[in-house]
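Peer 1: Can you keep this structure in mind? I'll have questions shortly.
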Amino acid sequence: MPKYTPFKTVNLPDRTWPDKVIDFAPQWCSVDLRDGNQALAIPMSVAEKCELFNLLVKVGFKEIEVGFPSASQIDFDFVRKLIDDQLIPNDVSIQVLTQSREHLIRRTYEAVDGAPNVIMHLYNSTSALQREITFGMSKEEIKDIAVEGAKLVKQLSTSIKSNVRMEYSPESFSDTETEYALEVCEAVMEIWGATPENKIILNLPNTVEWIPANKHADQIEWFCRNMKNRDSAVISLHTHNDRGTGVAACELGILAGADRVEGTLFGNGERTGNLDIVNVALNRLADGIDPGLDFSDLPEVRRVYERVTRMPVHPRHPYAGDLVFTAFSGSHQDAIKKGMDKRGGDEAGDAPWKVPYLHIDPQDIGRTYESIVRINSQSGKGGVAYVMSREYGFEMPKSMHAEMGAVVNEMADKIGRELTSAEIYEAFNREYLSLKKPLDVLDVEFEYVKSDPRTLRCSAKVIFEGKTAEVEGQGNGPISAFVHALRDKGYLQATLTDFHEHSIGSGAETEAVGYIQIKTPDGSLYWGAGIDSNIDLAGTKAFISAYNRSRKS
């Protein structure tokens, strides 16, 4: 299509970034309070900014861009509040943005005077589009703007009681001729007097994501390879998400040589948003690298973010979305359950994470196992078994899964929506634990036969088809004795084919759960379940459950 043509980028046939791996966490800089805030329909109040600033500090950001104080009185007042109320930790640098214009630079220095550590972030537009359409200036004139601004930033740096570092951004770096962007950046470095001990931050913004992520990486590698005094600069990335590949562009840019990343929580920002720092940081965690940021309580980070920005996090948002650690598909649910069971549950600690369909442990970021598997009409037996196991402690026998899964799927089909875990338990309780007809037991006692200590006698009072009766029988165990008591009374012909039991809870709260499968004369198989503090009674109840289910059908 002639309307759109690809942006030209550098020629780098010997690129090296594709063969590299990210084996470190970059320096992080949050721009939530500036880039993120300016994109909100209702910008944050000073109080909301303070709350978000405190959260960013708690998460572990050491560099936080707090505003554009020369362009906004609210930003100016907020910066002053941080300083005057001594809200900035000594190991945190506040970053402030200013255009390369004299009165704005001077006003910015007024705002930050007294802060422990300041990053003075100077920028001007350098792209061909901006030069030709917005400013009508030549390359030399645009470079002069950057140089004059750098001179003033350096001159005023000793006029305030703060430790000042300088950052320079050639705005719209990705659609600026890369050779020209380097020329401007090196001119600024020279003015600032950058050295390995006094590095300048060169921020290379993908202000609008015009180019594919791989081409962005080519630009970054070419820049790093061709610049003079590479060891005197921190190369910083600032990607946006217009093509939907902001995270990829950032990560490939790190492979290409960048040291530092600017972005926002959950990718808030203009148009399609800034880089999502949460995403990139937790990708490092998933690679076994300490990200240097603490997202161990990601739900709380999300709550604060949504409250102060009034922006929702999408249900499918990586790591933070409501649905990202859930599985509706039956095969997925079954695989997750098997992986969790093999791992050994919560006791596995830091053992290698190998669970199908879950690339990290949700607990590491404050999510819970209870929300991993959710059930609807598309779900399978494995998901239902997972919910019953993880949330309620019922470890149903494998051959019982299909039976219970069918019960739940029928219920979901009838209701026409996702089922809650409480509804799944209620279905289990209704189908297995609470069936009282046609057979129920009012009282039961077991005692060993004196003449044969291997034989147990059962005496029980039961209700069968609405009539109360006394039954008695013997067997090699409680369930066998109870079955014989019923059979001797002529109440049933079913035979017991399988039995499992386990405990739920601990200490004084421990209860026994029994699962029994019976076979009816026509060859049909039915599972039952019972729970009681007495293990013998749990098994008895399980048999009654199975029998009543066979008569129910």
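Lettering and numbering for the structure tokens are positional, with chains as A, B, ... in the shown order, residues counted from 1 in each chain, and ligands counted from 1 in the shown order.
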For Thr239 (chain A), find every residue with an atom within 7 Å (counting only C-alpha atoms), except residues of its own chain fewer than 4 positions away, and show them as a list in words.
Peer 2: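 Here the qualifying residues turn out to be Pro205, Asn206, Thr207, Gly246, Ala249, Cys250, Asn274 and Leu275 of chain A.
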Peer 1: Got a sec to tell me which of region 161-396 of chain A DSSP assigns to strand (DSSP E), as a PyMOL selection string?
Peer 2: chain A and resi 163-171+200-206+233-239+260-263
Peer 1: Looking at only C-alpha atoms, which of A:Leu56, A:Val21, A:Ile518, A:Ala71 is the one that sits closest to Ser550 (chain A)?
Peer 2: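 Answer, going by the shortest atom-to-atom distance: A:Ile518.
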Peer 1: Which of these, A:Val483, A:Ala538, A:Ala25, A:Leu358, has the shortest distance to Met340 (chain A) once you count only C-alpha atoms?
Peer 2: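 Ranked by minimum distance to Met340 (chain A), first place goes to A:Leu358.
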Peer 1: Mind giving me the straight-line distance from CA of Lys143 (chain A) to CA of Phe223 (chain A) in Å, one decimal?
Peer 2: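 Answer for the CA of Lys143 (chain A) to CA of Phe223 (chain A) separation: 17.1 Å.
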Peer 1: Quick one: residues within 12 Å of Glu395 (chain A), only C-alpha atoms, excluding same-chain residues fewer than 3 positions away - as a PyMOL selection string?
Peer 2: chain A and resi 337+341+382+384-392+398-401+500-504+512-515+529
Peer 1: List the neighbours of region 302-305 of chain A out to 8 Å using only C-alpha atoms; skip same-chain residues closer than 4 positions along the sequence, and give me the result as number ranges by chain.
Peer 2: A: 51-52, 55, 265, 298, 309-311, 313, 320
Peer 1: Counting only C-alpha atoms, what is within 9 Å of Lys58 (chain A), bar same-chain residues fewer than 5 positions away, as a PyMOL selection string?
Peer 2: chain A and resi 53+293-294
Peer 1: Any chance you could export the current selection's C-alpha atoms as a PDB file, in the first residue's frame?
Peer 2:
ATOM      1  CA  PHE A  53       5.350   7.250  44.999  1.00  0.00           C
ATOM      2  CA  LEU A 293      11.956  -5.225  42.204  1.00  0.00           C
ATOM      3  CA  ASP A 294       9.620  -6.788  44.740  1.00  0.00           C
TER       4      ASP A 294
END
